[in-house]
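For reference, target25.cif (mmCIF, C-alpha atoms and all ligand atoms; chains and numbers go by the auth columns):
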```cif
data_entry
#
loop_
_atom_site.group_PDB
_atom_site.id
_atom_site.type_symbol
_atom_site.label_atom_id
_atom_site.label_comp_id
_atom_site.label_asym_id
_atom_site.label_seq_id
_atom_site.Cartn_x
_atom_site.Cartn_y
_atom_site.Cartn_z
_atom_site.B_iso_or_equiv
_atom_site.auth_seq_id
_atom_site.auth_asym_id
ATOM 1 C CA MET A 1 4.604 -54.793 -12.980 0.00 1 A
ATOM 2 C CA PRO A 2 6.368 -54.285 -9.600 0.00 2 A
ATOM 3 C CA ALA A 3 4.604 -55.289 -6.396 0.00 3 A
ATOM 4 C CA ASN A 4 4.515 -51.658 -5.301 0.00 4 A
ATOM 5 C CA ALA A 5 2.259 -50.688 -8.197 0.00 5 A
ATOM 6 C CA LEU A 6 -1.267 -49.411 -7.746 0.00 6 A
ATOM 7 C CA THR A 7 -4.293 -49.228 -9.998 0.00 7 A
ATOM 8 C CA VAL A 8 -5.496 -45.753 -10.926 0.00 8 A
ATOM 9 C CA VAL A 9 -8.965 -45.354 -12.378 0.00 9 A
ATOM 10 C CA VAL A 10 -9.362 -42.017 -14.147 0.00 10 A
ATOM 11 C CA HIS A 11 -12.470 -40.376 -15.537 0.00 11 A
ATOM 12 C CA ARG A 12 -12.131 -40.140 -19.327 0.00 12 A
ATOM 13 C CA SER A 13 -14.444 -38.133 -21.539 0.00 13 A
ATOM 14 C CA ASP A 14 -14.090 -40.646 -24.357 0.00 14 A
ATOM 15 C CA PRO A 15 -15.712 -43.888 -23.183 0.00 15 A
ATOM 16 C CA GLU A 16 -13.385 -45.784 -25.553 0.00 16 A
ATOM 17 C CA ALA A 17 -10.241 -44.320 -23.960 0.00 17 A
ATOM 18 C CA GLN A 18 -8.191 -46.308 -21.479 0.00 18 A
ATOM 19 C CA HIS A 19 -9.335 -45.396 -17.982 0.00 19 A
ATOM 20 C CA SER A 20 -7.537 -47.889 -15.728 0.00 20 A
ATOM 21 C CA PHE A 21 -3.760 -47.824 -15.340 0.00 21 A
ATOM 22 C CA ARG A 22 -1.142 -49.651 -13.283 0.00 22 A
ATOM 23 C CA VAL A 23 1.378 -47.148 -11.970 0.00 23 A
ATOM 24 C CA THR A 24 4.558 -47.840 -10.011 0.00 24 A
ATOM 25 C CA ARG A 25 4.639 -46.069 -6.672 0.00 25 A
ATOM 26 C CA THR A 26 7.424 -43.669 -5.873 0.00 26 A
ATOM 27 C CA GLU A 27 8.189 -42.126 -2.520 0.00 27 A
ATOM 28 C CA PRO A 28 6.966 -39.493 -2.073 0.00 28 A
ATOM 29 C CA MET A 29 4.166 -39.575 -4.614 0.00 29 A
ATOM 30 C CA MET A 30 1.472 -36.957 -5.055 0.00 30 A
ATOM 31 C CA VAL A 31 -1.701 -37.401 -7.092 0.00 31 A
ATOM 32 C CA LEU A 32 -0.162 -35.170 -9.744 0.00 32 A
ATOM 33 C CA ASP A 33 2.817 -37.559 -9.950 0.00 33 A
ATOM 34 C CA LEU A 34 0.352 -40.345 -10.706 0.00 34 A
ATOM 35 C CA LEU A 35 -1.161 -38.351 -13.539 0.00 35 A
ATOM 36 C CA LEU A 36 2.235 -37.440 -14.952 0.00 36 A
ATOM 37 C CA ALA A 37 3.290 -41.090 -14.815 0.00 37 A
ATOM 38 C CA ILE A 38 0.148 -42.079 -16.705 0.00 38 A
ATOM 39 C CA GLN A 39 0.811 -39.387 -19.287 0.00 39 A
ATOM 40 C CA ARG A 40 4.450 -40.432 -19.639 0.00 40 A
ATOM 41 C CA GLU A 41 4.048 -44.188 -19.644 0.00 41 A
ATOM 42 C CA HIS A 42 0.517 -45.004 -20.806 0.00 42 A
ATOM 43 C CA ASP A 43 -1.469 -42.295 -22.572 0.00 43 A
ATOM 44 C CA ALA A 44 0.045 -38.973 -23.618 0.00 44 A
ATOM 45 C CA ALA A 45 -3.427 -37.683 -24.492 0.00 45 A
ATOM 46 C CA ILE A 46 -4.866 -37.793 -20.977 0.00 46 A
ATOM 47 C CA GLY A 47 -6.215 -34.358 -20.036 0.00 47 A
ATOM 48 C CA PHE A 48 -5.419 -32.651 -16.709 0.00 48 A
ATOM 49 C CA LYS A 49 -4.236 -29.225 -15.567 0.00 49 A
ATOM 50 C CA TYR A 50 -1.467 -27.970 -13.333 0.00 50 A
ATOM 51 C CA SER A 51 0.988 -25.119 -13.192 0.00 51 A
ATOM 52 C CA CYS A 52 2.849 -24.181 -9.999 0.00 52 A
ATOM 53 C CA ARG A 53 3.119 -27.645 -8.365 0.00 53 A
ATOM 54 C CA VAL A 54 3.370 -25.965 -4.943 0.00 54 A
ATOM 55 C CA ALA A 55 -0.291 -25.360 -3.976 0.00 55 A
ATOM 56 C CA MET A 56 -0.292 -21.740 -5.084 0.00 56 A
ATOM 57 C CA CYS A 57 -2.036 -21.463 -8.439 0.00 57 A
ATOM 58 C CA GLY A 58 -5.195 -23.465 -7.762 0.00 58 A
ATOM 59 C CA THR A 59 -5.347 -25.081 -11.200 0.00 59 A
ATOM 60 C CA CYS A 60 -4.872 -28.766 -10.345 0.00 60 A
ATOM 61 C CA THR A 61 -8.089 -29.474 -8.409 0.00 61 A
ATOM 62 C CA VAL A 62 -9.489 -32.971 -8.921 0.00 62 A
ATOM 63 C CA ARG A 63 -11.464 -35.437 -6.808 0.00 63 A
ATOM 64 C CA LEU A 64 -9.491 -38.269 -5.289 0.00 64 A
ATOM 65 C CA ASP A 65 -11.890 -41.045 -4.307 0.00 65 A
ATOM 66 C CA GLY A 66 -14.623 -38.422 -4.197 0.00 66 A
ATOM 67 C CA ARG A 67 -12.786 -35.826 -2.105 0.00 67 A
ATOM 68 C CA SER A 68 -11.854 -32.511 -3.737 0.00 68 A
ATOM 69 C CA VAL A 69 -8.091 -32.010 -3.488 0.00 69 A
ATOM 70 C CA LEU A 70 -5.141 -30.248 -5.058 0.00 70 A
ATOM 71 C CA ALA A 71 -3.381 -32.945 -7.086 0.00 71 A
ATOM 72 C CA CYS A 72 0.024 -31.346 -6.509 0.00 72 A
ATOM 73 C CA GLN A 73 -0.080 -31.431 -2.714 0.00 73 A
ATOM 74 C CA THR A 74 -2.129 -34.545 -1.966 0.00 74 A
ATOM 75 C CA PRO A 75 -0.122 -37.697 -1.280 0.00 75 A
ATOM 76 C CA VAL A 76 -1.267 -40.968 -2.789 0.00 76 A
ATOM 77 C CA PRO A 77 -2.700 -42.871 0.190 0.00 77 A
ATOM 78 C CA PRO A 78 -0.108 -45.525 1.145 0.00 78 A
ATOM 79 C CA GLU A 79 -2.706 -48.075 2.246 0.00 79 A
ATOM 80 C CA ARG A 80 -4.694 -48.123 -1.018 0.00 80 A
ATOM 81 C CA ASP A 81 -3.997 -50.378 -3.959 0.00 81 A
ATOM 82 C CA THR A 82 -6.649 -48.694 -6.112 0.00 82 A
ATOM 83 C CA VAL A 83 -7.569 -45.017 -6.313 0.00 83 A
ATOM 84 C CA ARG A 84 -10.060 -43.150 -8.450 0.00 84 A
ATOM 85 C CA ILE A 85 -9.532 -39.660 -9.885 0.00 85 A
ATOM 86 C CA ASP A 86 -12.427 -37.568 -11.184 0.00 86 A
ATOM 87 C CA PRO A 87 -12.735 -33.957 -12.320 0.00 87 A
ATOM 88 C CA ALA A 88 -13.879 -31.288 -9.875 0.00 88 A
ATOM 89 C CA ALA A 89 -17.648 -31.467 -9.449 0.00 89 A
ATOM 90 C CA GLY A 90 -20.170 -28.904 -10.562 0.00 90 A
ATOM 91 C CA LEU A 91 -18.153 -27.478 -13.445 0.00 91 A
ATOM 92 C CA PRO A 92 -18.439 -28.427 -17.120 0.00 92 A
ATOM 93 C CA VAL A 93 -15.875 -31.014 -18.155 0.00 93 A
ATOM 94 C CA VAL A 94 -13.772 -29.875 -21.093 0.00 94 A
ATOM 95 C CA ARG A 95 -11.876 -33.162 -21.362 0.00 95 A
ATOM 96 C CA ASP A 96 -10.996 -35.913 -18.889 0.00 96 A
ATOM 97 C CA LEU A 97 -9.992 -34.045 -15.680 0.00 97 A
ATOM 98 C CA VAL A 98 -10.010 -30.567 -17.215 0.00 98 A
ATOM 99 C CA VAL A 99 -12.989 -28.440 -16.212 0.00 99 A
ATOM 100 C CA ASP A 100 -14.205 -25.036 -17.318 0.00 100 A
ATOM 101 C CA THR A 101 -13.956 -22.838 -14.215 0.00 101 A
ATOM 102 C CA ALA A 102 -15.984 -19.967 -15.694 0.00 102 A
ATOM 103 C CA PRO A 103 -19.087 -20.680 -13.529 0.00 103 A
ATOM 104 C CA PHE A 104 -16.935 -20.497 -10.392 0.00 104 A
ATOM 105 C CA TRP A 105 -15.438 -17.157 -11.435 0.00 105 A
ATOM 106 C CA ARG A 106 -18.820 -15.786 -12.471 0.00 106 A
ATOM 107 C CA GLU A 107 -20.040 -16.266 -8.888 0.00 107 A
ATOM 108 C CA TRP A 108 -16.779 -14.787 -7.552 0.00 108 A
ATOM 109 C CA ALA A 109 -17.295 -11.641 -9.649 0.00 109 A
ATOM 110 C CA LYS A 110 -20.755 -11.073 -8.181 0.00 110 A
ATOM 111 C CA VAL A 111 -19.383 -10.079 -4.757 0.00 111 A
ATOM 112 C CA THR A 112 -17.132 -7.254 -6.060 0.00 112 A
ATOM 113 C CA PRO A 113 -14.067 -9.295 -5.060 0.00 113 A
ATOM 114 C CA TYR A 114 -11.619 -6.394 -4.834 0.00 114 A
ATOM 115 C CA LEU A 115 -11.138 -3.572 -2.344 0.00 115 A
ATOM 116 C CA VAL A 116 -13.130 -0.413 -3.157 0.00 116 A
ATOM 117 C CA PRO A 117 -11.225 2.291 -1.244 0.00 117 A
ATOM 118 C CA ARG A 118 -13.166 4.779 0.867 0.00 118 A
ATOM 119 C CA ASP A 119 -12.932 8.317 -0.515 0.00 119 A
ATOM 120 C CA ASP A 120 -11.928 9.802 2.816 0.00 120 A
ATOM 121 C CA LEU A 121 -8.786 7.681 3.242 0.00 121 A
ATOM 122 C CA THR A 122 -5.307 8.809 2.327 0.00 122 A
ATOM 123 C CA GLU A 123 -2.777 6.323 1.001 0.00 123 A
ATOM 124 C CA PRO A 124 -1.411 4.141 2.381 0.00 124 A
ATOM 125 C CA ALA A 125 -4.305 3.156 4.619 0.00 125 A
ATOM 126 C CA VAL A 126 -3.088 0.425 6.939 0.00 126 A
ATOM 127 C CA ILE A 127 -4.955 -1.938 9.247 0.00 127 A
ATOM 128 C CA ALA A 128 -2.960 -2.143 12.468 0.00 128 A
ATOM 129 C CA PRO A 129 -1.595 -5.631 13.312 0.00 129 A
ATOM 130 C CA ASP A 130 -3.618 -5.685 16.531 0.00 130 A
ATOM 131 C CA ALA A 131 -6.838 -4.320 15.012 0.00 131 A
ATOM 132 C CA GLU A 132 -9.906 -6.390 15.823 0.00 132 A
ATOM 133 C CA GLU A 133 -10.911 -6.724 12.169 0.00 133 A
ATOM 134 C CA ARG A 134 -7.682 -8.609 11.483 0.00 134 A
ATOM 135 C CA GLN A 135 -9.102 -11.550 13.435 0.00 135 A
ATOM 136 C CA LEU A 136 -11.661 -11.896 10.654 0.00 136 A
ATOM 137 C CA ILE A 137 -9.579 -10.814 7.681 0.00 137 A
ATOM 138 C CA ASP A 138 -6.248 -12.602 8.071 0.00 138 A
ATOM 139 C CA PRO A 139 -7.516 -16.217 8.274 0.00 139 A
ATOM 140 C CA GLY A 140 -9.578 -15.686 5.120 0.00 140 A
ATOM 141 C CA LEU A 141 -6.941 -14.098 2.898 0.00 141 A
ATOM 142 C CA ASP A 142 -5.102 -17.035 1.389 0.00 142 A
ATOM 143 C CA CYS A 143 -7.734 -18.230 -1.096 0.00 143 A
ATOM 144 C CA ILE A 144 -6.072 -19.436 -4.304 0.00 144 A
ATOM 145 C CA GLY A 145 -9.325 -19.872 -6.235 0.00 145 A
ATOM 146 C CA CYS A 146 -8.859 -23.610 -6.580 0.00 146 A
ATOM 147 C CA GLY A 147 -12.588 -24.333 -6.412 0.00 147 A
ATOM 148 C CA ALA A 148 -12.187 -27.346 -4.107 0.00 148 A
ATOM 149 C CA CYS A 149 -14.803 -25.838 -1.809 0.00 149 A
ATOM 150 C CA PHE A 150 -17.165 -25.250 -4.737 0.00 150 A
ATOM 151 C CA SER A 151 -16.641 -28.826 -5.913 0.00 151 A
ATOM 152 C CA SER A 152 -17.355 -30.250 -2.466 0.00 152 A
ATOM 153 C CA CYS A 153 -20.478 -28.147 -1.875 0.00 153 A
ATOM 154 C CA ALA A 154 -23.608 -29.942 -3.039 0.00 154 A
ATOM 155 C CA VAL A 155 -25.496 -26.650 -3.353 0.00 155 A
ATOM 156 C CA ALA A 156 -22.818 -24.859 -5.409 0.00 156 A
ATOM 157 C CA ALA A 157 -21.887 -27.866 -7.503 0.00 157 A
ATOM 158 C CA GLY A 158 -25.438 -29.062 -7.970 0.00 158 A
ATOM 159 C CA SER A 159 -27.111 -25.818 -8.983 0.00 159 A
ATOM 160 C CA ARG A 160 -26.374 -22.500 -10.610 0.00 160 A
ATOM 161 C CA ASP A 161 -27.999 -20.259 -8.040 0.00 161 A
ATOM 162 C CA PHE A 162 -25.457 -20.004 -5.214 0.00 162 A
ATOM 163 C CA LEU A 163 -22.485 -17.672 -4.896 0.00 163 A
ATOM 164 C CA GLY A 164 -20.607 -20.530 -3.283 0.00 164 A
ATOM 165 C CA PRO A 165 -18.119 -20.790 -0.430 0.00 165 A
ATOM 166 C CA ALA A 166 -15.107 -19.074 -2.019 0.00 166 A
ATOM 167 C CA ALA A 167 -17.009 -15.997 -3.218 0.00 167 A
ATOM 168 C CA LEU A 168 -18.759 -15.645 0.131 0.00 168 A
ATOM 169 C CA ASN A 169 -15.478 -16.019 1.986 0.00 169 A
ATOM 170 C CA ARG A 170 -14.036 -13.246 -0.188 0.00 170 A
ATOM 171 C CA ALA A 171 -17.097 -11.084 0.500 0.00 171 A
ATOM 172 C CA MET A 172 -16.698 -11.556 4.249 0.00 172 A
ATOM 173 C CA VAL A 173 -13.022 -10.569 4.172 0.00 173 A
ATOM 174 C CA LEU A 174 -13.818 -7.349 2.309 0.00 174 A
ATOM 175 C CA VAL A 175 -16.886 -6.457 4.363 0.00 175 A
ATOM 176 C CA ALA A 176 -14.719 -6.787 7.477 0.00 176 A
ATOM 177 C CA ASP A 177 -12.132 -4.380 6.039 0.00 177 A
ATOM 178 C CA SER A 178 -12.722 -0.849 7.383 0.00 178 A
ATOM 179 C CA ARG A 179 -10.906 0.670 4.371 0.00 179 A
ATOM 180 C CA ASP A 180 -13.530 -0.658 1.992 0.00 180 A
ATOM 181 C CA ALA A 181 -16.564 1.284 0.774 0.00 181 A
ATOM 182 C CA ALA A 182 -18.573 -1.479 -0.886 0.00 182 A
ATOM 183 C CA GLY A 183 -19.667 -3.447 2.168 0.00 183 A
ATOM 184 C CA ALA A 184 -23.331 -2.601 1.715 0.00 184 A
ATOM 185 C CA GLN A 185 -23.465 -3.929 -1.849 0.00 185 A
ATOM 186 C CA ARG A 186 -21.598 -7.086 -0.837 0.00 186 A
ATOM 187 C CA LEU A 187 -23.978 -7.689 2.055 0.00 187 A
ATOM 188 C CA ALA A 188 -26.850 -7.157 -0.360 0.00 188 A
ATOM 189 C CA ALA A 189 -25.376 -9.811 -2.687 0.00 189 A
ATOM 190 C CA ALA A 190 -24.712 -12.158 0.232 0.00 190 A
ATOM 191 C CA GLY A 191 -28.262 -11.665 1.440 0.00 191 A
ATOM 192 C CA GLY A 192 -29.850 -12.129 -1.979 0.00 192 A
ATOM 193 C CA ALA A 193 -31.391 -15.210 -3.531 0.00 193 A
ATOM 194 C CA GLY A 194 -28.026 -16.856 -4.235 0.00 194 A
ATOM 195 C CA GLY A 195 -26.485 -15.867 -0.951 0.00 195 A
ATOM 196 C CA VAL A 196 -25.928 -17.176 2.545 0.00 196 A
ATOM 197 C CA ASP A 197 -29.375 -18.650 2.999 0.00 197 A
ATOM 198 C CA ARG A 198 -28.586 -21.287 0.370 0.00 198 A
ATOM 199 C CA CYS A 199 -25.890 -22.730 2.654 0.00 199 A
ATOM 200 C CA HIS A 200 -26.877 -25.878 4.563 0.00 200 A
ATOM 201 C CA TYR A 201 -23.823 -25.760 6.860 0.00 201 A
ATOM 202 C CA VAL A 202 -22.512 -29.178 5.957 0.00 202 A
ATOM 203 C CA TYR A 203 -18.992 -27.704 6.300 0.00 203 A
ATOM 204 C CA GLY A 204 -17.649 -29.725 3.367 0.00 204 A
ATOM 205 C CA CYS A 205 -16.051 -26.549 2.008 0.00 205 A
ATOM 206 C CA SER A 206 -14.077 -25.907 5.168 0.00 206 A
ATOM 207 C CA ALA A 207 -13.110 -29.577 5.427 0.00 207 A
ATOM 208 C CA VAL A 208 -11.462 -29.663 2.009 0.00 208 A
ATOM 209 C CA CYS A 209 -9.921 -26.189 1.690 0.00 209 A
ATOM 210 C CA PRO A 210 -6.228 -26.861 0.981 0.00 210 A
ATOM 211 C CA LYS A 211 -5.256 -23.492 2.445 0.00 211 A
ATOM 212 C CA GLY A 212 -7.022 -24.111 5.741 0.00 212 A
ATOM 213 C CA LEU A 213 -9.680 -21.437 5.217 0.00 213 A
ATOM 214 C CA ASP A 214 -13.117 -21.681 6.793 0.00 214 A
ATOM 215 C CA PRO A 215 -15.621 -20.559 4.156 0.00 215 A
ATOM 216 C CA ALA A 216 -18.528 -21.956 6.174 0.00 216 A
ATOM 217 C CA GLY A 217 -17.455 -19.782 9.091 0.00 217 A
ATOM 218 C CA ALA A 218 -17.315 -16.795 6.745 0.00 218 A
ATOM 219 C CA ILE A 219 -20.851 -17.535 5.602 0.00 219 A
ATOM 220 C CA ARG A 220 -21.957 -17.698 9.237 0.00 220 A
ATOM 221 C CA GLN A 221 -20.326 -14.312 9.867 0.00 221 A
ATOM 222 C CA LEU A 222 -22.027 -12.751 6.838 0.00 222 A
ATOM 223 C CA ARG A 223 -25.355 -14.086 8.000 0.00 223 A
ATOM 224 C CA ALA A 224 -24.809 -12.583 11.444 0.00 224 A
ATOM 225 C CA TRP A 225 -23.984 -9.184 9.937 0.00 225 A
ATOM 226 C CA ARG A 226 -26.950 -9.321 7.644 0.00 226 A
ATOM 227 C CA LEU A 227 -29.302 -10.075 10.523 0.00 227 A
ATOM 228 C CA ARG A 228 -27.983 -7.192 12.624 0.00 228 A
ATOM 229 C CA PRO A 229 -30.093 -4.032 12.144 0.00 229 A
ATOM 230 C CA GLY A 230 -28.132 -1.380 10.240 0.00 230 A
ATOM 231 C CA SER A 231 -25.306 -3.802 9.524 0.00 231 A
ATOM 232 C CA ALA A 232 -24.995 -2.776 5.899 0.00 232 A
ATOM 233 C CA ASP A 233 -24.543 0.865 6.882 0.00 233 A
ATOM 234 C CA ASP A 234 -21.889 0.568 9.508 0.00 234 A
ATOM 235 C CA ARG A 235 -19.528 -1.869 7.810 0.00 235 A
HETATM 236 S S1 LIG B . -11.716 -21.057 -0.118 0.00 301 A
HETATM 237 FE FE1 LIG B . -10.126 -22.699 -0.076 0.00 301 A
HETATM 238 S S2 LIG B . -11.062 -24.383 -1.264 0.00 301 A
HETATM 239 FE FE2 LIG B . -12.218 -22.529 -1.761 0.00 301 A
HETATM 240 S S3 LIG B . -11.280 -21.697 -3.635 0.00 301 A
HETATM 241 FE FE3 LIG B . -10.307 -20.674 -1.866 0.00 301 A
HETATM 242 S S4 LIG B . -8.483 -21.919 -1.407 0.00 301 A
HETATM 243 FE FE4 LIG B . -9.792 -23.176 -2.728 0.00 301 A
HETATM 244 S S1 LIG B . -0.339 -27.028 -9.606 0.00 302 A
HETATM 245 FE FE1 LIG B . -0.686 -25.067 -8.687 0.00 302 A
HETATM 246 S S2 LIG B . -1.985 -25.529 -7.004 0.00 302 A
HETATM 247 FE FE2 LIG B . -1.482 -27.469 -7.826 0.00 302 A
#
```
Produce structure tokens that represent the structure in this file.
Amino acid sequence: MPANALTVVVHRSDPEAQHSFRVTRTEPMMVLDLLLAIQREHDAAIGFKYSCRVAMCGTCTVRLDGRSVLACQTPVPPERDTVRIDPAAGLPVVRDLVVDTAPFWREWAKVTPYLVPRDDLTEPAVIAPDAEERQLIDPGLDCIGCGACFSSCAVAAGSRDFLGPAALNRAMVLVADSRDAAGAQRLAAAGGAGGVDRCHYVYGCSAVCPKGLDPAGAIRQLRAWRLRPGSADDR
């Protein structure tokens, strides 16, 4: 094996399956390239997911040495000679690195994650580029539903009673949108038992988001709205 090889330890569902592989480095090399090399050269049956390969579809989330990342956009650390790859945390493992994302999407659905247009608006209703609400909306729009935040959040990943960072970020974006008519129900969901008060503000979600979103900041904003008298009525 060439000197520029590294050892990759991969979670396998079958304890009898090979879980440690020597892989030749390439330059550049993403975590997904490692997995494809393992599949090509060592074990065609290894289970992992990907689709777009350009950080857009959100399907390739894994943990690299414990950190939740997109496999397709995360470089293999040049200084390491061994890395470990595990499935995203907090979601049922289907096989190897493949997880069932249904629990993540169930929480997402609870915040009415789509715009509910106000009856009094005519189409097209536009938010002006310099509108104040854009300061809140624009930075939170690029969520790709990868679940890295969910996987890195001990509350979301460790229990089944928290909406989680992505759903709450989505709720904040829609509550901030003056064209939307469902702000009160979203604030009610965010203020309920599985809502913002479950957040411990560790900021792991914001630290790992591959799109640079700040779900913890969104949760803080929702909490501020919820605490303001009449907030649910005037959003
Ligand atoms: S908020 Fe970021 S980390 Fe969470 S699902 Fe969306 S893109 Fe992924
Ligand atoms: S393969 Fe689509 S985000 Fe990684």
- Message: Just checking: using all atoms listed in the file, which residue out of A:Arg134, A:Arg118, A:Arg198, A:Arg12 ends up closest to Arg179 of chain A?
- Response: A:Arg118
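Using all atoms listed in the file, every residue with an atom at most 8 Å from the point (-29.5, -15.1, -6.6) is listed here: A:Asp161, A:Phe162, A:Leu163, A:Ala189, A:Gly192, A:Ala193, A:Gly194, A:Gly195.
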Next, write the just-selected residues to a file, as a PDB file, keeping the file's coordinate frame, keeping C-alpha atoms as the atom set.
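Result file out36.pdb:
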```
ATOM      1  CA  ASP A 161     -27.999 -20.259  -8.040  1.00  0.00           C
ATOM      2  CA  PHE A 162     -25.457 -20.004  -5.214  1.00  0.00           C
ATOM      3  CA  LEU A 163     -22.485 -17.672  -4.896  1.00  0.00           C
ATOM      4  CA  ALA A 189     -25.376  -9.811  -2.687  1.00  0.00           C
ATOM      5  CA  GLY A 192     -29.850 -12.129  -1.979  1.00  0.00           C
ATOM      6  CA  ALA A 193     -31.391 -15.210  -3.531  1.00  0.00           C
ATOM      7  CA  GLY A 194     -28.026 -16.856  -4.235  1.00  0.00           C
ATOM      8  CA  GLY A 195     -26.485 -15.867  -0.951  1.00  0.00           C
TER       9      GLY A 195
END
```
Dump as a tab-separated table the rows for residues of segment 58-92 of chain A within 9 Å of segment 146-152 of chain A: closest atom pair and distance in Å with one decimal, all atoms listed in the file counted, ordered by chain and rising residue number.
```
residue	atom	partner	partner_atom	distance
A:Gly58	CA	A:Cys146	CA	3.9
A:Thr59	CA	A:Cys146	CA	6.0
A:Cys60	CA	A:Cys146	CA	7.5
A:Thr61	CA	A:Cys146	CA	6.2
A:Val62	CA	A:Ala148	CA	7.9
A:Arg63	CA	A:Ser151	CA	8.4
A:Gly66	CA	A:Ser152	CA	8.8
A:Arg67	CA	A:Ser152	CA	7.2
A:Ser68	CA	A:Ala148	CA	5.2
A:Val69	CA	A:Ala148	CA	6.2
A:Leu70	CA	A:Ala148	CA	7.7
A:Ala88	CA	A:Ser151	CA	5.4
A:Ala89	CA	A:Ser151	CA	4.5
A:Gly90	CA	A:Ser151	CA	5.8
A:Leu91	CA	A:Ser151	CA	7.8
```
Hey, can you spit out that residue selection with C-alpha atoms as a compact mmCIF listing (two decimals), in the frame of the given file?
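Output saved as result38.txt:
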```
# COMPACT_ATOMS: atom_id res chain seq x y z
CA GLY A 58 -5.20 -23.46 -7.76
CA THR A 59 -5.35 -25.08 -11.20
CA CYS A 60 -4.87 -28.77 -10.34
CA THR A 61 -8.09 -29.47 -8.41
CA VAL A 62 -9.49 -32.97 -8.92
CA ARG A 63 -11.46 -35.44 -6.81
CA GLY A 66 -14.62 -38.42 -4.20
CA ARG A 67 -12.79 -35.83 -2.10
CA SER A 68 -11.85 -32.51 -3.74
CA VAL A 69 -8.09 -32.01 -3.49
CA LEU A 70 -5.14 -30.25 -5.06
CA ALA A 88 -13.88 -31.29 -9.88
CA ALA A 89 -17.65 -31.47 -9.45
CA GLY A 90 -20.17 -28.90 -10.56
CA LEU A 91 -18.15 -27.48 -13.44
```
- Task: Starting from the shown file, work through the PyMOL selection byres (((not hetatm)) within 7 of (chain A and resi 301)) and note down what comes out as a list of chain:residue names.
- Result: A:Gly58, A:Asp142, A:Cys143, A:Ile144, A:Gly145, A:Cys146, A:Gly147, A:Ala148, A:Cys149, A:Phe150, A:Pro165, A:Ala166, A:Asn169, A:Cys205, A:Val208, A:Cys209, A:Pro210, A:Lys211, A:Gly212, A:Leu213, A:Pro215
Per residue of chain A within 6 Å of ligand LIG 302 (chain A), which atom pair is closest and at what distance in Å (one decimal), using only C-alpha atoms and all ligand atoms, listed by chain and increasing number, as JSON lines?
```
{"residue": "A:Tyr50", "atom": "CA", "partner": "A:LIG302", "partner_atom": "S1", "distance": 4.0}
{"residue": "A:Ser51", "atom": "CA", "partner": "A:LIG302", "partner_atom": "S1", "distance": 4.3}
{"residue": "A:Cys52", "atom": "CA", "partner": "A:LIG302", "partner_atom": "FE1", "distance": 3.9}
{"residue": "A:Arg53", "atom": "CA", "partner": "A:LIG302", "partner_atom": "S1", "distance": 3.7}
{"residue": "A:Val54", "atom": "CA", "partner": "A:LIG302", "partner_atom": "FE1", "distance": 5.6}
{"residue": "A:Ala55", "atom": "CA", "partner": "A:LIG302", "partner_atom": "S2", "distance": 3.5}
{"residue": "A:Met56", "atom": "CA", "partner": "A:LIG302", "partner_atom": "S2", "distance": 4.6}
{"residue": "A:Cys57", "atom": "CA", "partner": "A:LIG302", "partner_atom": "FE1", "distance": 3.9}
{"residue": "A:Gly58", "atom": "CA", "partner": "A:LIG302", "partner_atom": "S2", "distance": 3.9}
{"residue": "A:Thr59", "atom": "CA", "partner": "A:LIG302", "partner_atom": "FE1", "distance": 5.3}
{"residue": "A:Cys60", "atom": "CA", "partner": "A:LIG302", "partner_atom": "FE2", "distance": 4.4}
{"residue": "A:Leu70", "atom": "CA", "partner": "A:LIG302", "partner_atom": "FE2", "distance": 5.4}
{"residue": "A:Ala71", "atom": "CA", "partner": "A:LIG302", "partner_atom": "FE2", "distance": 5.8}
{"residue": "A:Cys72", "atom": "CA", "partner": "A:LIG302", "partner_atom": "FE2", "distance": 4.4}
```
Selection above as a file: C-alpha atoms, as a PDB file, in the frame of the given file:
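Output contents, as saved in again-v7.pdb:
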```
ATOM      1  CA  TYR A  50      -1.467 -27.970 -13.333  1.00  0.00           C
ATOM      2  CA  SER A  51       0.988 -25.119 -13.192  1.00  0.00           C
ATOM      3  CA  CYS A  52       2.849 -24.181  -9.999  1.00  0.00           C
ATOM      4  CA  ARG A  53       3.119 -27.645  -8.365  1.00  0.00           C
ATOM      5  CA  VAL A  54       3.370 -25.965  -4.943  1.00  0.00           C
ATOM      6  CA  ALA A  55      -0.291 -25.360  -3.976  1.00  0.00           C
ATOM      7  CA  MET A  56      -0.292 -21.740  -5.084  1.00  0.00           C
ATOM      8  CA  CYS A  57      -2.036 -21.463  -8.439  1.00  0.00           C
ATOM      9  CA  GLY A  58      -5.195 -23.465  -7.762  1.00  0.00           C
ATOM     10  CA  THR A  59      -5.347 -25.081 -11.200  1.00  0.00           C
ATOM     11  CA  CYS A  60      -4.872 -28.766 -10.345  1.00  0.00           C
ATOM     12  CA  LEU A  70      -5.141 -30.248  -5.058  1.00  0.00           C
ATOM     13  CA  ALA A  71      -3.381 -32.945  -7.086  1.00  0.00           C
ATOM     14  CA  CYS A  72       0.024 -31.346  -6.509  1.00  0.00           C
TER      15      CYS A  72
END
```
- Message: What does the structure give for the distance between atom CA of Thr7 of chain A and atom CA of Thr26 of chain A, in Å to one decimal?
- Response: 13.6 Å
